[in-house]
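Novice: Below is the file run35.txt, which contains compact mmCIF, C-alpha atoms.
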# COMPACT_ATOMS: atom_id res chain seq x y z
CA MET G 223 85.74 201.59 151.41
CA LEU G 224 86.47 204.36 153.91
CA GLU G 225 86.74 201.85 156.77
CA ALA G 226 89.28 199.80 154.83
CA ALA G 227 91.34 202.90 154.03
CA VAL G 228 91.34 203.96 157.69
CA PHE G 229 92.30 200.43 158.79
CA TYR G 230 95.17 200.12 156.33
CA THR G 231 96.45 203.62 157.16
CA LEU G 232 96.41 202.84 160.88
CA ALA G 233 98.05 199.46 160.25
CA VAL G 234 100.90 201.03 158.28
CA LEU G 235 101.40 203.72 160.94
CA ILE G 236 101.36 201.15 163.76
CA LEU G 237 103.89 198.93 161.98
CA GLY G 238 106.09 201.92 161.12
CA LEU G 239 106.08 203.14 164.71
CA GLY G 240 106.84 199.61 165.89
CA ILE G 241 109.95 199.65 163.72
CA LEU G 242 110.89 203.09 165.08
CA VAL G 243 110.49 201.80 168.66
CA ILE G 244 113.15 199.16 168.18
CA SER G 245 115.43 201.19 165.92
CA ALA G 246 115.53 204.53 167.77
CA ARG G 247 118.95 205.42 169.16
CA SER G 248 117.58 207.24 172.19
CA ALA G 249 115.63 205.26 174.78
CA VAL G 250 113.41 208.27 175.48
CA HIS G 251 112.53 208.59 171.79
CA SER G 252 111.77 204.87 171.71
CA VAL G 253 109.34 205.24 174.61
CA LEU G 254 107.67 208.23 172.93
CA PHE G 255 107.22 206.23 169.72
CA LEU G 256 105.71 203.49 171.86
CA VAL G 257 103.19 205.94 173.36
CA VAL G 258 102.08 207.06 169.89
CA ASN G 259 101.87 203.42 168.83
CA PHE G 260 99.59 202.61 171.79
CA LEU G 261 97.40 205.61 170.99
CA LEU G 262 97.04 204.50 167.37
CA VAL G 263 96.06 201.01 168.54
CA ALA G 264 93.39 202.67 170.70
CA ILE G 265 92.11 204.54 167.65
CA LEU G 266 91.99 201.23 165.82
CA TYR G 267 89.84 199.82 168.64
CA VAL G 268 87.48 202.80 168.31
CA THR G 269 87.07 202.12 164.60
CA LEU G 270 86.10 198.54 165.53
CA SER G 271 83.40 199.88 167.93
CA ALA G 272 85.29 198.69 171.01
CA GLN G 273 85.35 201.95 172.93
CA PHE G 274 85.84 200.34 176.33
CA VAL G 275 88.91 198.44 175.14
CA ALA G 276 90.25 201.67 173.60
CA VAL G 277 89.91 203.51 176.91
CA ILE G 278 91.59 200.66 178.76
CA GLN G 279 94.37 200.69 176.13
CA VAL G 280 95.00 204.37 176.78
CA LEU G 281 94.76 204.12 180.57
CA VAL G 282 96.75 200.94 181.12
CA TYR G 283 99.30 200.94 178.33
CA ALA G 284 99.76 204.54 177.22
CA GLY G 285 99.32 205.75 180.79
CA GLY G 286 100.68 203.17 183.20
CA ILE G 287 103.12 200.93 181.39
CA VAL G 288 104.84 203.75 179.52
CA VAL G 289 105.25 205.72 182.75
CA LEU G 290 106.92 202.62 184.21
CA TYR G 291 109.22 202.47 181.15
CA LEU G 292 110.08 206.14 181.54
CA PHE G 293 110.94 205.63 185.21
CA VAL G 294 113.26 202.79 184.25
CA VAL G 295 114.88 204.89 181.50
CA MET G 296 115.35 207.84 183.84
CA LEU G 297 116.59 205.79 186.80
CA VAL G 298 119.03 203.55 184.96
CA SER G 299 122.11 205.34 183.71
CA LEU G 300 122.38 204.54 180.02
CA LYS G 301 125.58 206.57 179.57
CA ARG G 302 127.83 203.87 181.03
CA ALA G 303 129.36 201.05 179.03
CA PRO G 304 127.63 197.65 179.33
CA GLU G 305 130.69 196.25 181.12
CA GLN G 306 130.18 198.73 183.96
CA HIS G 307 126.69 197.34 184.62
CA ALA G 308 128.07 193.98 185.75
CA ASP G 309 127.48 193.23 189.41
CA THR G 310 129.87 190.94 191.25
CA ARG G 311 127.18 190.16 193.84
CA ARG G 312 124.83 188.66 191.24
CA LEU G 313 123.38 185.34 192.34
CA GLY G 314 122.87 183.34 189.14
CA VAL G 315 121.93 180.07 190.81
CA THR G 316 119.36 181.73 193.07
CA GLY G 317 117.88 183.54 190.08
CA ALA G 318 117.62 180.31 188.12
CA VAL G 319 115.90 178.56 191.03
CA LEU G 320 113.42 181.42 191.46
CA ALA G 321 112.75 181.51 187.71
CA GLY G 322 112.06 177.77 187.80
CA ALA G 323 109.66 178.27 190.72
CA VAL G 324 107.77 180.97 188.80
CA LEU G 325 107.63 178.71 185.74
CA LEU G 326 106.18 175.88 187.86
CA GLU G 327 103.58 178.29 189.27
CA VAL G 328 102.55 179.41 185.79
CA ILE G 329 102.28 175.79 184.67
CA GLY G 330 100.17 175.05 187.77
CA ILE G 331 97.86 177.96 186.98
CA VAL G 332 97.40 176.78 183.40
CA VAL G 333 96.78 173.17 184.46
CA SER G 334 94.31 174.12 187.19
CA GLY G 335 92.49 176.46 184.81
CA ALA G 336 92.23 173.74 182.19
CA ALA G 337 91.00 171.24 184.77
CA ARG G 338 88.34 173.67 186.05
CA SER G 339 86.96 174.32 182.59
CA ASP G 340 83.69 172.48 182.04
CA ALA G 341 83.39 173.14 178.31
CA PRO G 342 86.09 172.76 175.67
CA ALA G 343 87.91 175.97 174.73
CA GLY G 344 86.33 176.13 171.27
CA ALA G 345 82.80 175.88 172.65
CA ARG G 346 83.15 179.12 174.61
CA GLY G 347 84.79 181.19 171.88
CA ALA G 348 88.47 180.17 172.03
CA GLY G 349 88.82 180.31 175.79
CA VAL G 350 86.90 183.55 176.34
CA PRO G 351 84.45 183.33 179.25
CA GLU G 352 80.79 183.80 178.47
CA ALA G 353 80.62 187.04 180.47
CA ILE G 354 83.42 188.62 178.44
CA SER G 355 82.11 187.48 175.05
CA ASP G 356 78.90 189.48 175.63
CA PRO G 357 79.00 192.64 173.47
CA MET G 358 76.93 194.59 176.02
CA LEU G 359 79.47 194.09 178.78
CA ASN G 360 79.70 196.58 181.61
CA THR G 361 82.49 197.41 184.04
CA GLU G 362 80.87 195.61 186.96
CA GLN G 363 80.81 192.32 185.06
CA ILE G 364 84.47 192.74 184.05
CA GLY G 365 85.43 193.45 187.65
CA TRP G 366 83.46 190.47 188.90
CA VAL G 367 85.10 188.08 186.43
CA LEU G 368 88.54 189.63 186.98
CA TYR G 369 88.46 189.30 190.75
CA THR G 370 86.82 185.87 190.92
CA GLU G 371 87.77 183.65 187.99
CA TYR G 372 90.99 185.45 186.99
CA LEU G 373 92.26 186.50 190.42
CA ILE G 374 95.53 184.52 190.32
CA PRO G 375 96.66 185.75 186.86
CA PHE G 376 95.74 189.29 187.90
CA GLU G 377 97.86 189.02 191.04
CA VAL G 378 100.75 187.43 189.11
CA ALA G 379 100.71 190.35 186.67
CA SER G 380 100.76 192.85 189.54
CA MET G 381 103.67 191.01 191.17
CA LEU G 382 105.62 191.10 187.90
CA LEU G 383 105.14 194.86 187.67
CA LEU G 384 106.24 195.24 191.30
CA VAL G 385 109.36 193.18 190.66
CA ALA G 386 110.15 195.31 187.58
CA MET G 387 109.90 198.50 189.65
CA ILE G 388 112.09 197.09 192.42
CA GLY G 389 114.60 195.94 189.80
CA ALA G 390 114.77 199.44 188.32
CA ILE G 391 115.39 200.93 191.75
CA VAL G 392 118.10 198.37 192.53
CA LEU G 393 119.81 199.04 189.19
CA ALA G 394 119.67 202.78 189.71
CA LYS G 395 120.96 202.76 193.27
CA LYS G 396 124.76 202.90 193.47
CA ASN G 397 125.27 201.32 196.90
CA LEU G 398 122.82 198.98 198.55
Would you encode the structure as structure tokens?

Specialist:
Amino acid sequence: MLEAAVFYTLAVLILGLGILVISARSAVHSVLFLVVNFLLVAILYVTLSAQFVAVIQVLVYAGGIVVLYLFVVMLVSLKRAPEQHADTRRLGVTGAVLAGAVLLEVIGIVVSGAARSDAPAGARGAGVPEAISDPMLNTEQIGWVLYTEYLIPFEVASMLLLVAMIGAIVLAKKNL
């Protein structure tokens, strides 16, 4: 009974903060609501006896991603009108071609991953590798799986974060 009450309380708080994230007038307040939301999700993981996932939630999301958001909010001037953000040097065709190339790469990763799989996705727990589905998982096993079997998605995610940081710097810089 107590576990259900804690779960429903956390669920209502998480949903309420999610609504505040998208409805806040100030971008800084929105990011702060997002931090509290991530921390409540970590508490939810602790109640589910997933302490490692809770720590990763706090370190990666509440620590790293939100700091990236705050840098973007602080670097990009939000006081100007949206019309003043337009850049005459924007290369729409080049952007579309690069977006298509990234889409083809993602499709290639998915196809090669599906072709490499020996067992059907349902047989291994809905696509979860056997090493990760083990409840007594340690950090070494996660690192081994991350840097061997999931190396390409890991690198793609790091490249996306790098591109986001470079984009924030380019938007913030007046003259290139």

Novice: What's the separation between atom CA of G:Leu325 and atom CA of G:Ile278, in Å to one decimal place?

Specialist: 28.1 Å

Novice: In Å, with one decimal, what is the gap from atom CA of G:Glu327 to atom CA of G:Trp366?

Specialist: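 Answer for the atom CA of G:Glu327 to atom CA of G:Trp366 separation: 23.5 Å.
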
Novice: Which residue is closest to G:Ser248? Choose from G:Ala379, G:Leu313, G:Ala337, G:Val295 and count all atoms listed in the file.

Specialist: G:Val295

Novice: Which residues come within 12 Å of G:Val258, counting only C-alpha atoms, excluding same-chain residues fewer than 4 positions away, as a list of chain:residue names?

Specialist: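 Returned residues: G:Leu232, G:Leu235, G:Ile236, G:Leu237, G:Gly238, G:Leu239, G:Gly240, G:Leu242, G:Val243, G:His251, G:Ser252, G:Val253, G:Leu254, G:Leu262, G:Val263, G:Ala264, G:Ile265, G:Gln279, G:Val280, G:Tyr283, G:Ala284, G:Gly285, G:Val288.
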
Novice: One decimal, Å: what's the distance from atom CA of G:Ala390 over to atom CA of G:Ile241, could you say?

Specialist: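 A separation of 25.1 Å between them.
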
Novice: Given only C-alpha atoms as the basis, pick out the residue of G:Leu281, G:Leu373, G:Val275, G:Ile287 nearest to G:Ala386.

Specialist: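 For G:Ala386, the nearest of the candidates is G:Ile287.
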